[in-house]
Structures are given as C-alpha cells and as structure tokens.
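Worksheet for the structure shown next.
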Amino acid sequence: MPVLGSVKIVLLAGLLALAPPTAHAAEKQEKEPTVTLDVKDEDIREVLQSMKEQCGIRNLLIDKDVNGRTMFYFQDVPCTRAFDVVARTMSLAYDVEPNSVVNVKIRR
C-alpha cells in the first residue's frame with residue numbers, strides 16, 4: 001500500500017474516533033434533570049422546594065437562617081447549574097450528601 005493510502009486510513013480512523021456519539025449512544029447516557037422557573041418576588045424556600053421536585057431530590061434540608069425573596073427565570077436549566085446560580089445569587093451554600101440529600105445553608 002502506498003504511504004499516501006496509509007496516511008488516509010490513519011486520518012480517517014482518527015476522525016472517526018473524534019466523531020460525536022451516535023443518537024443511540026446518547027440515549028443510553030442519562031440526561032440530568034432540568035429546572036424551569038418563572039418567579040418574581042417569591043420566597044427562596046418556595047423556589048428551593050420547586051427545584052427539589054423538578055430535580056427529583058428526595059430530601060432537602062434548608063437551614064432556618066435561609067430566607068428572603070427572589071426573582072428567577074430558568075428554562076430547562078440543568079439542576080446542578082440552577083442550584084449553583086441560586087446559591088451564588090442568594091449568598092447560599094449547598095452540599096449534596098448521600099441518599100439524595102441536599103443541605104442548603106447561608107454561605108459564611
């Protein structure tokens with residue numbers, strides 16, 4: 001086989017390795033749940049409760065010092081990203097613990 005033919009085969013193999021997964025392979029990967037919110041002047045505890053339900057979190061612990069009113073508009077935002085944005089905006093911190101437990105508290 002000429003050298004040019006070998007280079008084409010190696011290049012083709014490299015491109016195939018970099019190709020995005022097929023739709024069938026993508027279906028096998030679990031997709032992170034998303035959050036959709038459209039709230040204005042809403043209690044942060046109600047926002048967190050809505051996120052809990054949409055994200056499939058079984059146990060949400062909210063510190064007694066977490067309070068305030070807020071406004072968010074999310075359209076199909078991945079849960080991890082939504083919790084990060086809410087925590088940063090409201091000066092909160094959260095820990096994800098085993099057994100689907102999320103603990104939300106004031107950032108210190």
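Residues in the structure tokens are named by chain (A, B, ... in the order shown) and by number from 1 within that chain; ligands are numbered from 1 in the order shown.
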(message) Need the shell around Ile106 (chain A): protein/DNA/RNA residues with any atom at most 8 Å away, counting only C-alpha atoms. Skip same-chain ones fewer than 6 positions apart. Format as a ChimeraX atom specification?
(response) /A:63,65-66,91-93
Restricting the output to N, CA and C atoms, write the selected residues as a PDB file, in the first residue's frame.
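Below is the file selection.pdb, written as the result:
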ATOM      1  N   ASP A  63     -31.567  25.335  56.079  1.00  0.00           N
ATOM      2  CA  ASP A  63     -31.214  25.943  57.367  1.00  0.00           C
ATOM      3  C   ASP A  63     -32.249  27.004  57.734  1.00  0.00           C
ATOM      4  N   ASP A  65     -31.877  29.846  58.906  1.00  0.00           N
ATOM      5  CA  ASP A  65     -31.448  31.207  58.574  1.00  0.00           C
ATOM      6  C   ASP A  65     -31.610  31.555  57.094  1.00  0.00           C
ATOM      7  N   VAL A  66     -31.973  30.577  56.264  1.00  0.00           N
ATOM      8  CA  VAL A  66     -32.172  30.832  54.835  1.00  0.00           C
ATOM      9  C   VAL A  66     -33.527  31.500  54.651  1.00  0.00           C
ATOM     10  N   SER A  91     -26.419  34.182  48.118  1.00  0.00           N
ATOM     11  CA  SER A  91     -25.349  34.011  49.117  1.00  0.00           C
ATOM     12  C   SER A  91     -25.577  32.768  49.965  1.00  0.00           C
ATOM     13  N   LEU A  92     -25.881  31.677  49.288  1.00  0.00           N
ATOM     14  CA  LEU A  92     -26.107  30.398  49.956  1.00  0.00           C
ATOM     15  C   LEU A  92     -25.001  29.421  49.601  1.00  0.00           C
ATOM     16  N   ALA A  93     -24.931  28.378  50.366  1.00  0.00           N
ATOM     17  CA  ALA A  93     -24.049  27.250  50.062  1.00  0.00           C
ATOM     18  C   ALA A  93     -24.907  25.999  50.154  1.00  0.00           C
TER      19      ALA A  93
END
Counting only C-alpha atoms, which residues of region 61-108 of chain A sit at most 7 Å from some atom of region 38-47 of chain A, and what is each one's closest atom pair with its distance in Å to one decimal, listed by chain and rising residue number, as a Markdown table?
| residue | atom | partner | partner_atom | distance |
| --- | --- | --- | --- | --- |
| A:Asn67 | CA | A:Ile44 | CA | 6.1 |
| A:Gly68 | CA | A:Ile44 | CA | 5.8 |
| A:Arg69 | CA | A:Asp43 | CA | 4.4 |
| A:Thr70 | CA | A:Asp41 | CA | 5.1 |
| A:Met71 | CA | A:Lys40 | CA | 4.3 |
| A:Phe72 | CA | A:Val39 | CA | 5.4 |
| A:Tyr73 | CA | A:Asp38 | CA | 4.5 |
| A:Phe74 | CA | A:Asp38 | CA | 6.5 |
(request) Write out as a list in words which residues come within 9 Å of region 96-105 of chain A when counting only C-alpha atoms, dropping same-chain ones fewer than 5 positions away. (result) Leu48, Lys52, Gly56, Ile57, Arg58, Asn59, Leu60, Leu61, Ile62, Asp63, Lys64, Asp65, Val66, Ala87 and Ser91 of chain A
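Across the model, the gap from CA of Val35 (chain A) to CA of Gln54 (chain A) is 5.9 Å.
Here the question is which of A:Glu30, A:Tyr94, A:Glu53, A:Thr36 gets nearest to Pro78 (chain A) using only C-alpha atoms, and that residue is A:Thr36.
As for CA of Pro33 (chain A) and CA of Arg107 (chain A), they are spaced 25.1 Å apart.
Backbone DSSP over region 45-74 of chain A yields strand (DSSP E) at Asn59, Leu60, Leu61, Ile62, Arg69, Thr70, Met71, Phe72, Tyr73 and Phe74 of chain A.
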Dump as a JSON list (two decimals), in the first residue's frame, selection limited to all heavy atoms:
[["chain", "number", "residue", "atom", "x", "y", "z"],
["A", 59, "ASN", "N", -34.65, 14.50, 49.56],
["A", 59, "ASN", "CA", -34.54, 15.15, 50.87],
["A", 59, "ASN", "C", -33.83, 16.50, 50.72],
["A", 59, "ASN", "O", -32.68, 16.56, 50.31],
["A", 59, "ASN", "CB", -33.75, 14.27, 51.84],
["A", 59, "ASN", "CG", -34.37, 12.90, 51.97],
["A", 59, "ASN", "OD1", -35.45, 12.77, 52.52],
["A", 59, "ASN", "ND2", -33.71, 11.89, 51.44],
["A", 60, "LEU", "N", -34.53, 17.56, 51.08],
["A", 60, "LEU", "CA", -33.96, 18.91, 51.02],
["A", 60, "LEU", "C", -33.98, 19.48, 52.42],
["A", 60, "LEU", "O", -35.04, 19.63, 53.03],
["A", 60, "LEU", "CB", -34.79, 19.79, 50.07],
["A", 60, "LEU", "CG", -34.32, 21.23, 49.92],
["A", 60, "LEU", "CD1", -32.96, 21.28, 49.23],
["A", 60, "LEU", "CD2", -35.34, 22.03, 49.12],
["A", 61, "LEU", "N", -32.81, 19.77, 52.94],
["A", 61, "LEU", "CA", -32.68, 20.37, 54.27],
["A", 61, "LEU", "C", -32.34, 21.84, 54.08],
["A", 61, "LEU", "O", -31.32, 22.18, 53.47],
["A", 61, "LEU", "CB", -31.57, 19.68, 55.06],
["A", 61, "LEU", "CG", -31.67, 18.15, 55.17],
["A", 61, "LEU", "CD1", -30.43, 17.59, 55.84],
["A", 61, "LEU", "CD2", -32.92, 17.76, 55.91],
["A", 62, "ILE", "N", -33.18, 22.72, 54.61],
["A", 62, "ILE", "CA", -32.95, 24.17, 54.48],
["A", 62, "ILE", "C", -32.72, 24.73, 55.88],
["A", 62, "ILE", "O", -33.59, 24.63, 56.75],
["A", 62, "ILE", "CB", -34.15, 24.87, 53.82],
["A", 62, "ILE", "CG1", -34.45, 24.24, 52.46],
["A", 62, "ILE", "CG2", -33.87, 26.35, 53.67],
["A", 62, "ILE", "CD1", -35.72, 24.76, 51.80],
["A", 69, "ARG", "N", -36.62, 37.02, 49.53],
["A", 69, "ARG", "CA", -37.46, 36.93, 48.35],
["A", 69, "ARG", "C", -36.56, 37.10, 47.14],
["A", 69, "ARG", "O", -35.54, 37.77, 47.21],
["A", 69, "ARG", "CB", -38.55, 37.99, 48.41],
["A", 69, "ARG", "CG", -39.40, 37.79, 49.69],
["A", 69, "ARG", "CD", -40.68, 38.55, 49.69],
["A", 69, "ARG", "NE", -41.77, 37.98, 48.92],
["A", 69, "ARG", "CZ", -42.45, 36.88, 49.23],
["A", 69, "ARG", "NH1", -42.11, 36.16, 50.27],
["A", 69, "ARG", "NH2", -43.46, 36.48, 48.48],
["A", 70, "THR", "N", -36.96, 36.49, 46.04],
["A", 70, "THR", "CA", -36.08, 36.48, 44.88],
["A", 70, "THR", "C", -36.87, 36.43, 43.59],
["A", 70, "THR", "O", -38.08, 36.23, 43.59],
["A", 70, "THR", "CB", -35.11, 35.28, 44.97],
["A", 70, "THR", "OG1", -34.12, 35.41, 43.98],
["A", 70, "THR", "CG2", -35.83, 33.96, 44.84],
["A", 71, "MET", "N", -36.14, 36.59, 42.49],
["A", 71, "MET", "CA", -36.73, 36.52, 41.16],
["A", 71, "MET", "C", -35.79, 35.69, 40.27],
["A", 71, "MET", "O", -34.60, 35.95, 40.21],
["A", 71, "MET", "CB", -36.86, 37.92, 40.57],
["A", 71, "MET", "CG", -37.46, 37.93, 39.18],
["A", 71, "MET", "SD", -37.68, 39.60, 38.54],
["A", 71, "MET", "CE", -36.03, 39.95, 37.98],
["A", 72, "PHE", "N", -36.35, 34.68, 39.60],
["A", 72, "PHE", "CA", -35.57, 33.85, 38.68],
["A", 72, "PHE", "C", -36.42, 33.49, 37.48],
["A", 72, "PHE", "O", -37.63, 33.28, 37.60],
["A", 72, "PHE", "CB", -35.11, 32.54, 39.34],
["A", 72, "PHE", "CG", -34.01, 32.71, 40.33],
["A", 72, "PHE", "CD1", -34.27, 32.66, 41.68],
["A", 72, "PHE", "CD2", -32.70, 32.93, 39.92],
["A", 72, "PHE", "CE1", -33.25, 32.83, 42.60],
["A", 72, "PHE", "CE2", -31.69, 33.10, 40.83],
["A", 72, "PHE", "CZ", -31.96, 33.05, 42.17],
["A", 73, "TYR", "N", -35.76, 33.38, 36.35],
["A", 73, "TYR", "CA", -36.38, 32.83, 35.15],
["A", 73, "TYR", "C", -35.41, 31.81, 34.59],
["A", 73, "TYR", "O", -34.31, 32.17, 34.15],
["A", 73, "TYR", "CB", -36.66, 33.92, 34.10],
["A", 73, "TYR", "CG", -37.22, 33.33, 32.83],
["A", 73, "TYR", "CD1", -38.55, 32.94, 32.77],
["A", 73, "TYR", "CD2", -36.41, 33.11, 31.73],
["A", 73, "TYR", "CE1", -39.07, 32.35, 31.63],
["A", 73, "TYR", "CE2", -36.92, 32.52, 30.58],
["A", 73, "TYR", "CZ", -38.24, 32.15, 30.53],
["A", 73, "TYR", "OH", -38.74, 31.56, 29.41],
["A", 74, "PHE", "N", -35.78, 30.55, 34.67],
["A", 74, "PHE", "CA", -34.99, 29.45, 34.12],
["A", 74, "PHE", "C", -35.86, 28.70, 33.13],
["A", 74, "PHE", "O", -37.02, 28.43, 33.41],
["A", 74, "PHE", "CB", -34.57, 28.44, 35.20],
["A", 74, "PHE", "CG", -33.58, 28.93, 36.21],
["A", 74, "PHE", "CD1", -33.63, 28.48, 37.51],
["A", 74, "PHE", "CD2", -32.57, 29.82, 35.88],
["A", 74, "PHE", "CE1", -32.72, 28.89, 38.46],
["A", 74, "PHE", "CE2", -31.65, 30.25, 36.82],
["A", 74, "PHE", "CZ", -31.72, 29.78, 38.11]]
(request) Calculate how many Å separate CA of Thr34 (chain A) from CA of Cys55 (chain A), rounding to one decimal. (result) 6.5 Å
